[in-house]
Amino acid sequence: MSLLNYFKKSKPNTAQLAKERLQILVAHERTQRNQPSYLPELQKELMAVIKKYVQVNQDDISINYESDDEQETLELNIVLPDNV
Amino acid sequence: MARIIVVTSGKGGVGKTTTSAAIAMGLAKKGHKTAVIDFDVGLRNLDLILGCERRVVYDFVNVINGEATLNQALIKDKRCDKLFVLPASQTRDKDALTVEGVGKVLKELKKTFKYIVCDSPAGIERGAHLAMYFADDAFVVTNPEVSSVRDSDRMLGILSSKSQRAEKSETPIKEYLLLTRYNPARVKLGEMLSVDDVQDILSLHLLGVIPESQAVLNASNSGTPVILDEASDAGQSYSDIVDRYLGEDKPHRFIDEEKKGLFGRLFRS
């Protein structure tokens, strides 16, 4: 069996793929981990308020939380529909 | 001063109980009075790995509820008189463990034991939370495999935010990486994450690599902690880990593939 393997074409490096996928995922999950726990609730309530006045889809509203040593930023981005 | 070690991982089946049994026995064999506690309420297994399943009379929950004293529940190991086991309860009551109850038992153990090893259940539920809550050191057991690495990272987040040390803003829990079921041959072929890959992702201090080994199943079959199989690769690897934890400087082994002769290479199945 291993003699056969010797002549086979080299297989794709799946370990490298695993590492790349994990690096992206873990980085993403770590930023989420540091977010305040009230964020999902806040997002939901803001959405409800905005929808009272403007017809927007869920995808048109994005909330971003970022923090570094000096400051924390809460960014709210609403894409308004064209016909307003 | 006693130290509490939690053996944790998030994911199941990576070798937490095997590791708990091995390092507890290793520390005890070095002359340190050591207790090892099974936190997996409802799915007790540490007793089986340590070969004392038929000597269980009282368990962790009995002690917490005051139905037995700690001395009644602790099982003294027959091979090493410095090692004591506190088995988990087989109750199905998920709320059997409480922060106060666990804290009380650990406080009492700290009076007479040097090391207290907490074998965490899988998952991030109550048992896993309580196993790490009072810890001074964490052994994060990880397999070189995507789901295990991800769960370990999740566990690291919990260790740094939900432990008593975190809540009281004390020195954080010391975290160590134990990479288990490592297969250097597959790493070489690019089929398995390497030690360096896993360390790049988790950025943890590597305490040791335990190779995928037939000795582990043989050890659990017979209820002998694998560290007592001194001829085996896994046994030696766990011995190194205990030495390193106790401050000895030992080079890492079992990371590279064993050199095989031409015959070995041709006829390996």
# chains A, B, ... in the order shown; residues from 1 in each chain; ligands from 1
>>> closest_atom_pairs(of="chain A", to="chain B", cutoff="8 Å", atoms="only C-alpha atoms", output="tab-separated table")
residue	atom	partner	partner_atom	distance
A:Met1	CA	B:Ser269	CA	5.9
A:Ser2	CA	B:Leu266	CA	6.1
A:Leu3	CA	B:Leu266	CA	5.6
A:Pro12	CA	B:Gly190	CA	7.8
A:Asn13	CA	B:Gly190	CA	4.8
A:Thr14	CA	B:Glu191	CA	5.4
A:Ala15	CA	B:Met192	CA	4.9
A:Gln16	CA	B:Gly190	CA	7.1
A:Ala18	CA	B:Val146	CA	6.4
A:Lys19	CA	B:Asp197	CA	6.5
A:Leu22	CA	B:Val146	CA	6.7
A:Gln23	CA	B:Ile201	CA	6.1
A:Val26	CA	B:Arg150	CA	6.7
A:Arg30	CA	B:Gly157	CA	7.9
A:Arg33	CA	B:Gly157	CA	7.3
>>> write_last_selection(atoms="N, CA and C atoms", output="PDB file, in the first residue's frame")
ATOM      1  N   MET A   1       0.822  -1.207   0.000  1.00  0.00           N
ATOM      2  CA  MET A   1       0.000   0.000   0.000  1.00  0.00           C
ATOM      3  C   MET A   1       0.858   1.261   0.000  1.00  0.00           C
ATOM      4  N   SER A   2       1.854   1.262   0.897  1.00  0.00           N
ATOM      5  CA  SER A   2       2.646   2.487   0.974  1.00  0.00           C
ATOM      6  C   SER A   2       3.603   2.601  -0.209  1.00  0.00           C
ATOM      7  N   LEU A   3       3.906   1.460  -0.807  1.00  0.00           N
ATOM      8  CA  LEU A   3       4.730   1.482  -2.013  1.00  0.00           C
ATOM      9  C   LEU A   3       3.949   2.161  -3.134  1.00  0.00           C
ATOM     10  N   PRO A  12      -3.728  17.307  -2.247  1.00  0.00           N
ATOM     11  CA  PRO A  12      -3.776  18.697  -1.768  1.00  0.00           C
ATOM     12  C   PRO A  12      -3.511  18.743  -0.260  1.00  0.00           C
ATOM     13  N   ASN A  13      -2.906  19.855   0.170  1.00  0.00           N
ATOM     14  CA  ASN A  13      -2.567  19.996   1.571  1.00  0.00           C
ATOM     15  C   ASN A  13      -3.798  20.478   2.359  1.00  0.00           C
ATOM     16  N   THR A  14      -4.528  19.544   2.944  1.00  0.00           N
ATOM     17  CA  THR A  14      -5.758  19.912   3.648  1.00  0.00           C
ATOM     18  C   THR A  14      -5.469  20.579   4.979  1.00  0.00           C
ATOM     19  N   ALA A  15      -4.304  20.292   5.567  1.00  0.00           N
ATOM     20  CA  ALA A  15      -3.953  20.910   6.844  1.00  0.00           C
ATOM     21  C   ALA A  15      -3.836  22.422   6.691  1.00  0.00           C
ATOM     22  N   GLN A  16      -3.246  22.848   5.561  1.00  0.00           N
ATOM     23  CA  GLN A  16      -3.096  24.279   5.283  1.00  0.00           C
ATOM     24  C   GLN A  16      -4.470  24.940   5.182  1.00  0.00           C
ATOM     25  N   ALA A  18      -7.229  23.851   6.537  1.00  0.00           N
ATOM     26  CA  ALA A  18      -7.813  23.863   7.882  1.00  0.00           C
ATOM     27  C   ALA A  18      -7.293  25.055   8.672  1.00  0.00           C
ATOM     28  N   LYS A  19      -6.004  25.310   8.550  1.00  0.00           N
ATOM     29  CA  LYS A  19      -5.401  26.413   9.308  1.00  0.00           C
ATOM     30  C   LYS A  19      -5.976  27.756   8.871  1.00  0.00           C
ATOM     31  N   LEU A  22      -9.534  28.154  10.085  1.00  0.00           N
ATOM     32  CA  LEU A  22      -9.573  28.397  11.527  1.00  0.00           C
ATOM     33  C   LEU A  22      -9.122  29.803  11.888  1.00  0.00           C
ATOM     34  N   GLN A  23      -8.087  30.282  11.201  1.00  0.00           N
ATOM     35  CA  GLN A  23      -7.577  31.617  11.528  1.00  0.00           C
ATOM     36  C   GLN A  23      -8.646  32.680  11.308  1.00  0.00           C
ATOM     37  N   VAL A  26     -11.614  32.009  13.987  1.00  0.00           N
ATOM     38  CA  VAL A  26     -11.244  32.323  15.368  1.00  0.00           C
ATOM     39  C   VAL A  26     -11.105  33.842  15.556  1.00  0.00           C
ATOM     40  N   ARG A  30     -13.390  35.915  18.107  1.00  0.00           N
ATOM     41  CA  ARG A  30     -12.770  36.666  19.211  1.00  0.00           C
ATOM     42  C   ARG A  30     -13.275  38.101  19.268  1.00  0.00           C
ATOM     43  N   ARG A  33     -16.602  38.032  20.842  1.00  0.00           N
ATOM     44  CA  ARG A  33     -16.531  37.689  22.263  1.00  0.00           C
ATOM     45  C   ARG A  33     -16.390  38.933  23.122  1.00  0.00           C
TER      46      ARG A  33
END
>>> select_by_dssp(residues="range 90-187 of chain B", states="helix (DSSP H, G or I)", output="number ranges by chain")
B: 94-96, 99-112, 126-133, 146-162, 164-167, 184-187
>>> atom_distance(atom1="CA of Ser237 in chain B", atom2="CA of His205 in chain B")
16.1 Å
>>> select_by_dssp(residues="chain A", states="strand (DSSP E)", output="PDB file with N, CA, C and O atoms, in the first residue's frame")
ATOM      1  N   ILE A  61     -29.662  47.458   7.513  1.00  0.00           N
ATOM      2  CA  ILE A  61     -29.163  48.032   8.757  1.00  0.00           C
ATOM      3  C   ILE A  61     -27.997  47.191   9.266  1.00  0.00           C
ATOM      4  O   ILE A  61     -28.109  45.971   9.376  1.00  0.00           O
ATOM      5  N   SER A  62     -26.890  47.837   9.537  1.00  0.00           N
ATOM      6  CA  SER A  62     -25.790  47.078  10.125  1.00  0.00           C
ATOM      7  C   SER A  62     -25.237  47.808  11.344  1.00  0.00           C
ATOM      8  O   SER A  62     -25.151  49.029  11.371  1.00  0.00           O
ATOM      9  N   ILE A  63     -24.933  47.035  12.351  1.00  0.00           N
ATOM     10  CA  ILE A  63     -24.360  47.603  13.563  1.00  0.00           C
ATOM     11  C   ILE A  63     -22.980  47.015  13.759  1.00  0.00           C
ATOM     12  O   ILE A  63     -22.796  45.799  13.689  1.00  0.00           O
ATOM     13  N   ASN A  64     -22.017  47.887  13.961  1.00  0.00           N
ATOM     14  CA  ASN A  64     -20.651  47.435  14.133  1.00  0.00           C
ATOM     15  C   ASN A  64     -20.093  47.936  15.446  1.00  0.00           C
ATOM     16  O   ASN A  64     -20.201  49.122  15.766  1.00  0.00           O
ATOM     17  N   TYR A  65     -19.497  47.039  16.185  1.00  0.00           N
ATOM     18  CA  TYR A  65     -18.874  47.443  17.437  1.00  0.00           C
ATOM     19  C   TYR A  65     -17.380  47.214  17.334  1.00  0.00           C
ATOM     20  O   TYR A  65     -16.949  46.129  16.953  1.00  0.00           O
ATOM     21  N   GLU A  66     -16.624  48.240  17.624  1.00  0.00           N
ATOM     22  CA  GLU A  66     -15.171  48.071  17.619  1.00  0.00           C
ATOM     23  C   GLU A  66     -14.589  48.698  18.872  1.00  0.00           C
ATOM     24  O   GLU A  66     -15.094  49.708  19.357  1.00  0.00           O
ATOM     25  N   SER A  67     -13.544  48.076  19.367  1.00  0.00           N
ATOM     26  CA  SER A  67     -12.894  48.702  20.518  1.00  0.00           C
ATOM     27  C   SER A  67     -11.390  48.540  20.409  1.00  0.00           C
ATOM     28  O   SER A  67     -10.888  47.509  19.957  1.00  0.00           O
ATOM     29  N   GLU A  72     -14.149  53.005  22.397  1.00  0.00           N
ATOM     30  CA  GLU A  72     -15.062  52.030  21.828  1.00  0.00           C
ATOM     31  C   GLU A  72     -15.983  52.766  20.853  1.00  0.00           C
ATOM     32  O   GLU A  72     -16.445  53.871  21.138  1.00  0.00           O
ATOM     33  N   THR A  73     -16.213  52.155  19.714  1.00  0.00           N
ATOM     34  CA  THR A  73     -17.052  52.787  18.699  1.00  0.00           C
ATOM     35  C   THR A  73     -18.239  51.897  18.387  1.00  0.00           C
ATOM     36  O   THR A  73     -18.081  50.705  18.147  1.00  0.00           O
ATOM     37  N   LEU A  74     -19.400  52.501  18.400  1.00  0.00           N
ATOM     38  CA  LEU A  74     -20.587  51.797  17.961  1.00  0.00           C
ATOM     39  C   LEU A  74     -21.049  52.464  16.681  1.00  0.00           C
ATOM     40  O   LEU A  74     -21.407  53.641  16.667  1.00  0.00           O
ATOM     41  N   GLU A  75     -21.005  51.717  15.595  1.00  0.00           N
ATOM     42  CA  GLU A  75     -21.315  52.305  14.299  1.00  0.00           C
ATOM     43  C   GLU A  75     -22.639  51.749  13.802  1.00  0.00           C
ATOM     44  O   GLU A  75     -22.822  50.541  13.722  1.00  0.00           O
ATOM     45  N   LEU A  76     -23.553  52.667  13.475  1.00  0.00           N
ATOM     46  CA  LEU A  76     -24.858  52.240  12.974  1.00  0.00           C
ATOM     47  C   LEU A  76     -24.991  52.717  11.540  1.00  0.00           C
ATOM     48  O   LEU A  76     -24.859  53.907  11.249  1.00  0.00           O
ATOM     49  N   ASN A  77     -25.249  51.799  10.641  1.00  0.00           N
ATOM     50  CA  ASN A  77     -25.288  52.137   9.229  1.00  0.00           C
ATOM     51  C   ASN A  77     -26.641  51.731   8.635  1.00  0.00           C
ATOM     52  O   ASN A  77     -27.005  50.558   8.655  1.00  0.00           O
ATOM     53  N   ILE A  78     -27.397  52.734   8.139  1.00  0.00           N
ATOM     54  CA  ILE A  78     -28.706  52.429   7.547  1.00  0.00           C
ATOM     55  C   ILE A  78     -28.700  52.836   6.087  1.00  0.00           C
ATOM     56  O   ILE A  78     -28.402  53.987   5.761  1.00  0.00           O
TER      57      ILE A  78
END
>>> residues_around(residues="Ala128 in chain B", least_positions_apart="2", cutoff="12 Å", atoms="only C-alpha atoms", output="NGL selection string")
:B and (6-12 or 16 or 38-41 or 94 or 97-99 or 118-126 or 130-135 or 155 or 158-159 or 162-163)
>>> closest_residue(among="B:Ala2, B:Val105, B:Ile75, B:Ala24", to="Val226 in chain B", atoms="only C-alpha atoms")
B:Ala24
>>> decode(residues="range 13-50 of chain A", atoms="N, CA, C and O atoms", output="PDB file, in the first residue's frame")
ATOM      1  N   ASN A  13      -2.906  19.855   0.170  1.00  0.00           N
ATOM      2  CA  ASN A  13      -2.567  19.996   1.571  1.00  0.00           C
ATOM      3  C   ASN A  13      -3.798  20.478   2.359  1.00  0.00           C
ATOM      4  O   ASN A  13      -4.090  21.665   2.423  1.00  0.00           O
ATOM      5  N   THR A  14      -4.528  19.544   2.944  1.00  0.00           N
ATOM      6  CA  THR A  14      -5.758  19.912   3.648  1.00  0.00           C
ATOM      7  C   THR A  14      -5.469  20.579   4.979  1.00  0.00           C
ATOM      8  O   THR A  14      -6.278  21.334   5.489  1.00  0.00           O
ATOM      9  N   ALA A  15      -4.304  20.292   5.567  1.00  0.00           N
ATOM     10  CA  ALA A  15      -3.953  20.910   6.844  1.00  0.00           C
ATOM     11  C   ALA A  15      -3.836  22.422   6.691  1.00  0.00           C
ATOM     12  O   ALA A  15      -4.296  23.187   7.536  1.00  0.00           O
ATOM     13  N   GLN A  16      -3.246  22.848   5.561  1.00  0.00           N
ATOM     14  CA  GLN A  16      -3.096  24.279   5.283  1.00  0.00           C
ATOM     15  C   GLN A  16      -4.470  24.940   5.182  1.00  0.00           C
ATOM     16  O   GLN A  16      -4.716  26.010   5.726  1.00  0.00           O
ATOM     17  N   LEU A  17      -5.365  24.238   4.496  1.00  0.00           N
ATOM     18  CA  LEU A  17      -6.743  24.728   4.337  1.00  0.00           C
ATOM     19  C   LEU A  17      -7.412  24.863   5.707  1.00  0.00           C
ATOM     20  O   LEU A  17      -8.068  25.864   6.009  1.00  0.00           O
ATOM     21  N   ALA A  18      -7.229  23.851   6.537  1.00  0.00           N
ATOM     22  CA  ALA A  18      -7.813  23.863   7.882  1.00  0.00           C
ATOM     23  C   ALA A  18      -7.293  25.055   8.672  1.00  0.00           C
ATOM     24  O   ALA A  18      -8.049  25.755   9.344  1.00  0.00           O
ATOM     25  N   LYS A  19      -6.004  25.310   8.550  1.00  0.00           N
ATOM     26  CA  LYS A  19      -5.401  26.413   9.308  1.00  0.00           C
ATOM     27  C   LYS A  19      -5.976  27.756   8.871  1.00  0.00           C
ATOM     28  O   LYS A  19      -6.341  28.585   9.701  1.00  0.00           O
ATOM     29  N   GLU A  20      -6.082  27.932   7.541  1.00  0.00           N
ATOM     30  CA  GLU A  20      -6.610  29.204   7.033  1.00  0.00           C
ATOM     31  C   GLU A  20      -8.054  29.421   7.479  1.00  0.00           C
ATOM     32  O   GLU A  20      -8.421  30.507   7.919  1.00  0.00           O
ATOM     33  N   ARG A  21      -8.853  28.363   7.391  1.00  0.00           N
ATOM     34  CA  ARG A  21     -10.261  28.485   7.801  1.00  0.00           C
ATOM     35  C   ARG A  21     -10.356  28.831   9.278  1.00  0.00           C
ATOM     36  O   ARG A  21     -11.142  29.678   9.685  1.00  0.00           O
ATOM     37  N   LEU A  22      -9.534  28.154  10.085  1.00  0.00           N
ATOM     38  CA  LEU A  22      -9.573  28.397  11.527  1.00  0.00           C
ATOM     39  C   LEU A  22      -9.122  29.803  11.888  1.00  0.00           C
ATOM     40  O   LEU A  22      -9.702  30.440  12.766  1.00  0.00           O
ATOM     41  N   GLN A  23      -8.087  30.282  11.201  1.00  0.00           N
ATOM     42  CA  GLN A  23      -7.577  31.617  11.528  1.00  0.00           C
ATOM     43  C   GLN A  23      -8.646  32.680  11.308  1.00  0.00           C
ATOM     44  O   GLN A  23      -8.829  33.568  12.138  1.00  0.00           O
ATOM     45  N   ILE A  24      -9.378  32.546  10.196  1.00  0.00           N
ATOM     46  CA  ILE A  24     -10.441  33.512   9.903  1.00  0.00           C
ATOM     47  C   ILE A  24     -11.557  33.397  10.933  1.00  0.00           C
ATOM     48  O   ILE A  24     -12.005  34.377  11.521  1.00  0.00           O
ATOM     49  N   LEU A  25     -11.978  32.171  11.190  1.00  0.00           N
ATOM     50  CA  LEU A  25     -13.095  31.927  12.100  1.00  0.00           C
ATOM     51  C   LEU A  25     -12.786  32.381  13.520  1.00  0.00           C
ATOM     52  O   LEU A  25     -13.582  33.083  14.158  1.00  0.00           O
ATOM     53  N   VAL A  26     -11.614  32.009  13.987  1.00  0.00           N
ATOM     54  CA  VAL A  26     -11.244  32.323  15.368  1.00  0.00           C
ATOM     55  C   VAL A  26     -11.105  33.842  15.556  1.00  0.00           C
ATOM     56  O   VAL A  26     -11.566  34.398  16.550  1.00  0.00           O
ATOM     57  N   ALA A  27     -10.521  34.501  14.561  1.00  0.00           N
ATOM     58  CA  ALA A  27     -10.388  35.964  14.643  1.00  0.00           C
ATOM     59  C   ALA A  27     -11.767  36.603  14.731  1.00  0.00           C
ATOM     60  O   ALA A  27     -12.006  37.500  15.546  1.00  0.00           O
ATOM     61  N   HIS A  28     -12.693  36.117  13.916  1.00  0.00           N
ATOM     62  CA  HIS A  28     -14.054  36.653  13.906  1.00  0.00           C
ATOM     63  C   HIS A  28     -14.742  36.417  15.251  1.00  0.00           C
ATOM     64  O   HIS A  28     -15.359  37.315  15.824  1.00  0.00           O
ATOM     65  N   GLU A  29     -14.608  35.193  15.754  1.00  0.00           N
ATOM     66  CA  GLU A  29     -15.285  34.858  17.015  1.00  0.00           C
ATOM     67  C   GLU A  29     -14.690  35.613  18.203  1.00  0.00           C
ATOM     68  O   GLU A  29     -15.384  35.909  19.166  1.00  0.00           O
ATOM     69  N   ARG A  30     -13.390  35.915  18.107  1.00  0.00           N
ATOM     70  CA  ARG A  30     -12.770  36.666  19.211  1.00  0.00           C
ATOM     71  C   ARG A  30     -13.275  38.101  19.268  1.00  0.00           C
ATOM     72  O   ARG A  30     -13.474  38.645  20.348  1.00  0.00           O
ATOM     73  N   THR A  31     -13.496  38.729  18.112  1.00  0.00           N
ATOM     74  CA  THR A  31     -14.011  40.099  18.157  1.00  0.00           C
ATOM     75  C   THR A  31     -15.435  40.106  18.706  1.00  0.00           C
ATOM     76  O   THR A  31     -15.814  40.994  19.452  1.00  0.00           O
ATOM     77  N   GLN A  32     -16.203  39.086  18.351  1.00  0.00           N
ATOM     78  CA  GLN A  32     -17.573  39.008  18.870  1.00  0.00           C
ATOM     79  C   GLN A  32     -17.594  38.799  20.370  1.00  0.00           C
ATOM     80  O   GLN A  32     -18.468  39.293  21.069  1.00  0.00           O
ATOM     81  N   ARG A  33     -16.602  38.032  20.842  1.00  0.00           N
ATOM     82  CA  ARG A  33     -16.531  37.689  22.263  1.00  0.00           C
ATOM     83  C   ARG A  33     -16.390  38.933  23.122  1.00  0.00           C
ATOM     84  O   ARG A  33     -16.899  39.017  24.217  1.00  0.00           O
ATOM     85  N   ASN A  34     -15.668  39.944  22.580  1.00  0.00           N
ATOM     86  CA  ASN A  34     -15.397  41.146  23.361  1.00  0.00           C
ATOM     87  C   ASN A  34     -16.513  42.180  23.279  1.00  0.00           C
ATOM     88  O   ASN A  34     -16.431  43.234  23.874  1.00  0.00           O
ATOM     89  N   GLN A  35     -17.547  41.850  22.503  1.00  0.00           N
ATOM     90  CA  GLN A  35     -18.639  42.798  22.382  1.00  0.00           C
ATOM     91  C   GLN A  35     -19.486  42.792  23.645  1.00  0.00           C
ATOM     92  O   GLN A  35     -19.598  41.778  24.306  1.00  0.00           O
ATOM     93  N   PRO A  36     -20.077  43.955  23.955  1.00  0.00           N
ATOM     94  CA  PRO A  36     -20.951  43.971  25.126  1.00  0.00           C
ATOM     95  C   PRO A  36     -22.158  43.048  24.919  1.00  0.00           C
ATOM     96  O   PRO A  36     -22.621  42.889  23.790  1.00  0.00           O
ATOM     97  N   SER A  37     -22.654  42.489  25.997  1.00  0.00           N
ATOM     98  CA  SER A  37     -23.707  41.484  25.874  1.00  0.00           C
ATOM     99  C   SER A  37     -25.056  42.084  25.491  1.00  0.00           C
ATOM    100  O   SER A  37     -25.955  41.386  25.045  1.00  0.00           O
ATOM    101  N   TYR A  38     -25.165  43.425  25.637  1.00  0.00           N
ATOM    102  CA  TYR A  38     -26.452  44.041  25.304  1.00  0.00           C
ATOM    103  C   TYR A  38     -26.594  44.301  23.806  1.00  0.00           C
ATOM    104  O   TYR A  38     -27.634  44.724  23.339  1.00  0.00           O
ATOM    105  N   LEU A  39     -25.538  44.047  23.026  1.00  0.00           N
ATOM    106  CA  LEU A  39     -25.526  44.432  21.617  1.00  0.00           C
ATOM    107  C   LEU A  39     -26.668  43.834  20.775  1.00  0.00           C
ATOM    108  O   LEU A  39     -27.339  44.564  20.054  1.00  0.00           O
ATOM    109  N   PRO A  40     -26.925  42.524  20.868  1.00  0.00           N
ATOM    110  CA  PRO A  40     -28.013  41.958  20.057  1.00  0.00           C
ATOM    111  C   PRO A  40     -29.373  42.581  20.388  1.00  0.00           C
ATOM    112  O   PRO A  40     -30.162  42.892  19.489  1.00  0.00           O
ATOM    113  N   GLU A  41     -29.597  42.804  21.676  1.00  0.00           N
ATOM    114  CA  GLU A  41     -30.862  43.403  22.125  1.00  0.00           C
ATOM    115  C   GLU A  41     -30.986  44.840  21.590  1.00  0.00           C
ATOM    116  O   GLU A  41     -32.022  45.238  21.059  1.00  0.00           O
ATOM    117  N   LEU A  42     -29.907  45.593  21.702  1.00  0.00           N
ATOM    118  CA  LEU A  42     -29.863  46.965  21.208  1.00  0.00           C
ATOM    119  C   LEU A  42     -30.158  47.004  19.709  1.00  0.00           C
ATOM    120  O   LEU A  42     -30.948  47.807  19.229  1.00  0.00           O
ATOM    121  N   GLN A  43     -29.537  46.081  18.990  1.00  0.00           N
ATOM    122  CA  GLN A  43     -29.715  46.000  17.546  1.00  0.00           C
ATOM    123  C   GLN A  43     -31.192  45.769  17.201  1.00  0.00           C
ATOM    124  O   GLN A  43     -31.751  46.404  16.312  1.00  0.00           O
ATOM    125  N   LYS A  44     -31.811  44.877  17.953  1.00  0.00           N
ATOM    126  CA  LYS A  44     -33.214  44.542  17.705  1.00  0.00           C
ATOM    127  C   LYS A  44     -34.119  45.743  17.950  1.00  0.00           C
ATOM    128  O   LYS A  44     -35.011  46.056  17.158  1.00  0.00           O
ATOM    129  N   GLU A  45     -33.869  46.429  19.040  1.00  0.00           N
ATOM    130  CA  GLU A  45     -34.716  47.567  19.393  1.00  0.00           C
ATOM    131  C   GLU A  45     -34.525  48.741  18.433  1.00  0.00           C
ATOM    132  O   GLU A  45     -35.496  49.390  18.040  1.00  0.00           O
ATOM    133  N   LEU A  46     -33.272  48.994  18.046  1.00  0.00           N
ATOM    134  CA  LEU A  46     -33.006  50.065  17.080  1.00  0.00           C
ATOM    135  C   LEU A  46     -33.723  49.787  15.768  1.00  0.00           C
ATOM    136  O   LEU A  46     -34.346  50.663  15.175  1.00  0.00           O
ATOM    137  N   MET A  47     -33.665  48.544  15.381  1.00  0.00           N
ATOM    138  CA  MET A  47     -34.309  48.104  14.141  1.00  0.00           C
ATOM    139  C   MET A  47     -35.806  48.399  14.190  1.00  0.00           C
ATOM    140  O   MET A  47     -36.385  48.912  13.230  1.00  0.00           O
ATOM    141  N   ALA A  48     -36.409  48.090  15.312  1.00  0.00           N
ATOM    142  CA  ALA A  48     -37.848  48.295  15.463  1.00  0.00           C
ATOM    143  C   ALA A  48     -38.198  49.777  15.340  1.00  0.00           C
ATOM    144  O   ALA A  48     -39.181  50.147  14.692  1.00  0.00           O
ATOM    145  N   VAL A  49     -37.378  50.632  15.966  1.00  0.00           N
ATOM    146  CA  VAL A  49     -37.625  52.070  15.925  1.00  0.00           C
ATOM    147  C   VAL A  49     -37.491  52.592  14.492  1.00  0.00           C
ATOM    148  O   VAL A  49     -38.348  53.321  13.990  1.00  0.00           O
ATOM    149  N   ILE A  50     -36.453  52.204  13.819  1.00  0.00           N
ATOM    150  CA  ILE A  50     -36.208  52.694  12.455  1.00  0.00           C
ATOM    151  C   ILE A  50     -37.327  52.253  11.520  1.00  0.00           C
ATOM    152  O   ILE A  50     -37.824  53.022  10.703  1.00  0.00           O
TER     153      ILE A  50
END
